[in-house]
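K.L.:
This is the content of run-v3.cif (mmCIF, C-alpha atoms, pLDDT in the B column; chains and numbers go by the auth columns):
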```
data_protein
loop_
_atom_site.group_PDB
_atom_site.id
_atom_site.type_symbol
_atom_site.label_atom_id
_atom_site.label_comp_id
_atom_site.label_asym_id
_atom_site.label_seq_id
_atom_site.Cartn_x
_atom_site.Cartn_y
_atom_site.Cartn_z
_atom_site.B_iso_or_equiv
_atom_site.auth_seq_id
_atom_site.auth_asym_id
ATOM 1 C CA MET A 1 19.508 1.754 28.752 58.00 1 W
ATOM 2 C CA TYR A 2 18.436 3.499 25.529 64.00 2 W
ATOM 3 C CA ALA A 3 18.725 0.317 23.472 70.00 3 W
ATOM 4 C CA ASN A 4 16.887 -1.789 26.063 70.00 4 W
ATOM 5 C CA GLY A 5 13.676 0.148 26.524 76.00 5 W
ATOM 6 C CA LEU A 6 13.659 3.761 25.508 86.00 6 W
ATOM 7 C CA LYS A 7 14.156 3.131 21.805 87.00 7 W
ATOM 8 C CA ARG A 8 10.972 1.064 21.558 86.00 8 W
ATOM 9 C CA VAL A 9 8.951 3.722 23.403 89.00 9 W
ATOM 10 C CA PHE A 10 10.452 6.465 21.227 91.00 10 W
ATOM 11 C CA ASP A 11 9.735 4.524 18.011 92.00 11 W
ATOM 12 C CA PHE A 12 6.160 3.803 19.108 93.00 12 W
ATOM 13 C CA CYS A 13 5.491 7.450 19.973 95.00 13 W
ATOM 14 C CA CYS A 14 6.938 8.695 16.664 96.00 14 W
ATOM 15 C CA ALA A 15 4.916 6.146 14.678 96.00 15 W
ATOM 16 C CA PHE A 16 1.742 7.055 16.571 97.00 16 W
ATOM 17 C CA VAL A 17 2.193 10.766 15.883 97.00 17 W
ATOM 18 C CA ALA A 18 2.941 10.076 12.195 96.00 18 W
ATOM 19 C CA ILE A 19 -0.165 7.905 11.800 95.00 19 W
ATOM 20 C CA CYS A 20 -2.346 10.533 13.502 96.00 20 W
ATOM 21 C CA CYS A 21 -1.003 13.299 11.271 96.00 21 W
ATOM 22 C CA LEU A 22 -1.162 11.300 8.029 95.00 22 W
ATOM 23 C CA SER A 23 -4.459 9.478 8.597 95.00 23 W
ATOM 24 C CA PRO A 24 -6.661 12.098 6.840 95.00 24 W
ATOM 25 C CA PHE A 25 -4.414 11.954 3.781 94.00 25 W
ATOM 26 C CA LEU A 26 -4.349 8.144 3.799 93.00 26 W
ATOM 27 C CA LEU A 27 -8.143 8.011 4.128 94.00 27 W
ATOM 28 C CA LEU A 28 -8.453 10.371 1.172 95.00 28 W
ATOM 29 C CA LEU A 29 -6.123 8.154 -0.882 93.00 29 W
ATOM 30 C CA ALA A 30 -8.189 5.085 0.073 93.00 30 W
ATOM 31 C CA LEU A 31 -11.432 6.809 -0.919 94.00 31 W
ATOM 32 C CA VAL A 32 -10.074 8.006 -4.264 93.00 32 W
ATOM 33 C CA GLY A 33 -8.520 4.581 -4.825 91.00 33 W
ATOM 34 C CA SER A 34 -11.790 2.766 -4.220 92.00 34 W
ATOM 35 C CA ILE A 35 -13.469 4.996 -6.815 91.00 35 W
ATOM 36 C CA MET A 36 -10.675 4.801 -9.392 88.00 36 W
ATOM 37 C CA MET A 37 -10.082 1.052 -8.962 86.00 37 W
ATOM 38 C CA LYS A 38 -13.821 0.284 -8.776 86.00 38 W
ATOM 39 C CA GLY A 39 -13.501 -1.693 -5.555 87.00 39 W
ATOM 40 C CA ASN A 40 -10.833 -2.566 -3.038 90.00 40 W
ATOM 41 C CA PRO A 41 -8.047 0.064 -3.106 91.00 41 W
ATOM 42 C CA PHE A 42 -5.576 -2.192 -1.269 93.00 42 W
ATOM 43 C CA PHE A 43 -3.143 -4.860 -2.435 90.00 43 W
ATOM 44 C CA THR A 44 -1.961 -7.464 0.065 93.00 44 W
ATOM 45 C CA GLN A 45 1.016 -9.747 -0.279 94.00 45 W
ATOM 46 C CA PRO A 46 2.668 -12.198 2.122 95.00 46 W
ATOM 47 C CA ARG A 47 6.316 -11.301 2.746 95.00 47 W
ATOM 48 C CA PRO A 48 9.031 -12.827 4.911 95.00 48 W
ATOM 49 C CA GLY A 49 9.977 -10.707 7.901 91.00 49 W
ATOM 50 C CA LYS A 50 12.389 -11.062 10.783 88.00 50 W
ATOM 51 C CA ASP A 51 13.471 -14.661 11.377 92.00 51 W
ATOM 52 C CA GLU A 52 11.613 -15.624 8.148 91.00 52 W
ATOM 53 C CA LYS A 53 8.250 -15.070 9.855 95.00 53 W
ATOM 54 C CA ILE A 54 5.613 -14.357 7.198 96.00 54 W
ATOM 55 C CA PHE A 55 3.559 -11.162 7.534 95.00 55 W
ATOM 56 C CA LYS A 56 0.927 -9.587 5.301 96.00 56 W
ATOM 57 C CA MET A 57 2.028 -6.351 3.662 95.00 57 W
ATOM 58 C CA VAL A 58 -0.724 -3.925 2.633 93.00 58 W
ATOM 59 C CA LYS A 59 -0.138 -1.412 -0.170 91.00 59 W
ATOM 60 C CA PHE A 60 -2.326 0.874 -2.259 92.00 60 W
ATOM 61 C CA ARG A 61 -3.247 -0.764 -5.578 90.00 61 W
ATOM 62 C CA THR A 62 -1.813 0.970 -8.625 89.00 62 W
ATOM 63 C CA MET A 63 -3.219 -1.256 -11.380 89.00 63 W
ATOM 64 C CA SER A 64 -6.771 -2.319 -12.157 84.00 64 W
ATOM 65 C CA ASP A 65 -7.816 -5.954 -12.431 81.00 65 W
ATOM 66 C CA GLU A 66 -8.968 -5.757 -16.063 82.00 66 W
ATOM 67 C CA ARG A 67 -8.857 -8.965 -18.102 86.00 67 W
ATOM 68 C CA ASP A 68 -9.281 -9.924 -21.740 85.00 68 W
ATOM 69 C CA GLU A 69 -11.951 -12.258 -23.131 87.00 69 W
ATOM 70 C CA ASN A 70 -9.837 -15.321 -22.162 88.00 70 W
ATOM 71 C CA GLY A 71 -9.535 -14.238 -18.531 84.00 71 W
ATOM 72 C CA ASN A 72 -5.878 -13.164 -18.765 87.00 72 W
ATOM 73 C CA HIS A 73 -4.744 -9.838 -17.334 85.00 73 W
ATOM 74 C CA LEU A 74 -4.302 -7.052 -19.867 87.00 74 W
ATOM 75 C CA PRO A 75 -0.776 -5.664 -20.356 87.00 75 W
ATOM 76 C CA ASP A 76 0.486 -3.349 -17.617 85.00 76 W
ATOM 77 C CA GLU A 77 0.243 -0.191 -19.726 85.00 77 W
ATOM 78 C CA HIS A 78 -3.517 -0.778 -20.154 85.00 78 W
ATOM 79 C CA ARG A 79 -4.165 -1.527 -16.466 88.00 79 W
ATOM 80 C CA LEU A 80 -2.160 1.398 -15.023 88.00 80 W
ATOM 81 C CA ASN A 81 -4.423 4.471 -14.726 86.00 81 W
ATOM 82 C CA VAL A 82 -3.785 8.108 -13.734 89.00 82 W
ATOM 83 C CA TYR A 83 -4.268 7.350 -10.029 88.00 83 W
ATOM 84 C CA GLY A 84 -1.764 4.480 -10.187 89.00 84 W
ATOM 85 C CA LYS A 85 0.791 6.599 -12.037 90.00 85 W
ATOM 86 C CA PHE A 86 0.436 9.295 -9.374 91.00 86 W
ATOM 87 C CA LEU A 87 0.963 6.777 -6.554 90.00 87 W
ATOM 88 C CA ARG A 88 4.030 5.308 -8.241 90.00 88 W
ATOM 89 C CA SER A 89 5.602 8.663 -9.103 92.00 89 W
ATOM 90 C CA THR A 90 5.188 9.941 -5.526 91.00 90 W
ATOM 91 C CA SER A 91 6.045 6.579 -3.889 88.00 91 W
ATOM 92 C CA LEU A 92 2.857 6.619 -1.828 82.00 92 W
#
```
Go ahead and render the structure in this file as structure tokens.
P.N.:
Amino acid sequence: MYANGLKRVFDFCCAFVAICCLSPFLLLLALVGSIMMKGNPFFTQPRPGKDEKIFKMVKFRTMSDERDENGNHLPDEHRLNVYGKFLRSTSL
């Protein structure tokens, strides 16, 4: 019985409580990220999920979108700022 129905309800309730508790912190990270990255603080990427169904994963951006005079991205060490280093070191 647990595997059939209760697990899904339990997982949903735990995820809901976690999102409610962490939402102020996540909003603060999004606000700081939009200031530090000078725009959209999110990075999206299509990923394969269960049964190879594609879903869009959303992550906080850790690198800026700076480019050189030819339009190529700068090396990673130039695009990674203090905010991005913090996110990577804390795995947020």
K.L.:
Select, from W:Val17, W:Ile54, W:Met63, W:Val82, the residue with the minimum atom-to-atom distance to Pro41 of chain W, counting only C-alpha atoms.
P.N.:
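Closest residue, counting only C-alpha atoms: W:Met63.
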K.L.:
Mind giving me the straight-line distance from atom CA of Asn81 of chain W to atom CA of Glu66 of chain W in Å, one decimal?
P.N.:
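The value is 11.3 Å.
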K.L.:
Atom CA of Phe86 of chain W to atom CA of Leu31 of chain W: how many Å, to one decimal?
P.N.:
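Going from atom CA of Phe86 of chain W over to atom CA of Leu31 of chain W, I get 14.8 Å.
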K.L.:
Hey, can you check how far atom CA of Leu27 of chain W sits from atom CA of Tyr83 of chain W?
P.N.:
14.7 Å
K.L.:
Take every atom of segment 68-87 of chain W listed in the file, pad by 5 Å on each side, and give me the axis-aligned box centre and edge lengths in Å, one decimal, as AutoDock Vina command-line options.
P.N.:
```
--center_x -5.5 --center_y -3.0 --center_z -14.8 --size_x 22.9 --size_y 34.6 --size_z 26.6
```
K.L.:
Quick one: residues within 12 Å of His78 of chain W, all atoms listed in the file, excluding same-chain residues fewer than 3 positions away - as number ranges by chain?
P.N.:
W: 62-68, 73-75, 81-82, 84-85
K.L.:
I'd like the neighbourhood of Leu87 of chain W as a list of chain:residue names, where a residue qualifies if any of its atoms comes within 10 Å (using all atoms listed in the file), though same-chain residues fewer than 5 positions away should be ignored.
P.N.:
W:Leu29, W:Gly33, W:Phe60, W:Arg61, W:Thr62, W:Val82, W:Leu92
K.L.:
For the residues in the current selection, export C-alpha atoms as a CSV table (one decimal), in the frame of the given file.
P.N.:
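And here's out19.csv as it stands now:
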```csv
chain,number,residue,atom,x,y,z
W,29,LEU,CA,-6.1,8.2,-0.9
W,33,GLY,CA,-8.5,4.6,-4.8
W,60,PHE,CA,-2.3,0.9,-2.3
W,61,ARG,CA,-3.2,-0.8,-5.6
W,62,THR,CA,-1.8,1.0,-8.6
W,82,VAL,CA,-3.8,8.1,-13.7
W,92,LEU,CA,2.9,6.6,-1.8
```
K.L.:
Given all atoms listed in the file as the basis, pick out the residue of W:Met37, W:Leu26, W:Leu6, W:Ala18 nearest to Leu80 of chain W.
P.N.:
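Looking only at the distances to Leu80 of chain W, the closest residue turns out to be W:Met37.
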K.L.:
Can you list what the PyMOL selection byres ((chain W and resi 44) around 7) grabs from this structure, as an NGL selection string?
P.N.:
:W and (42-43 or 45-46 or 56-59)
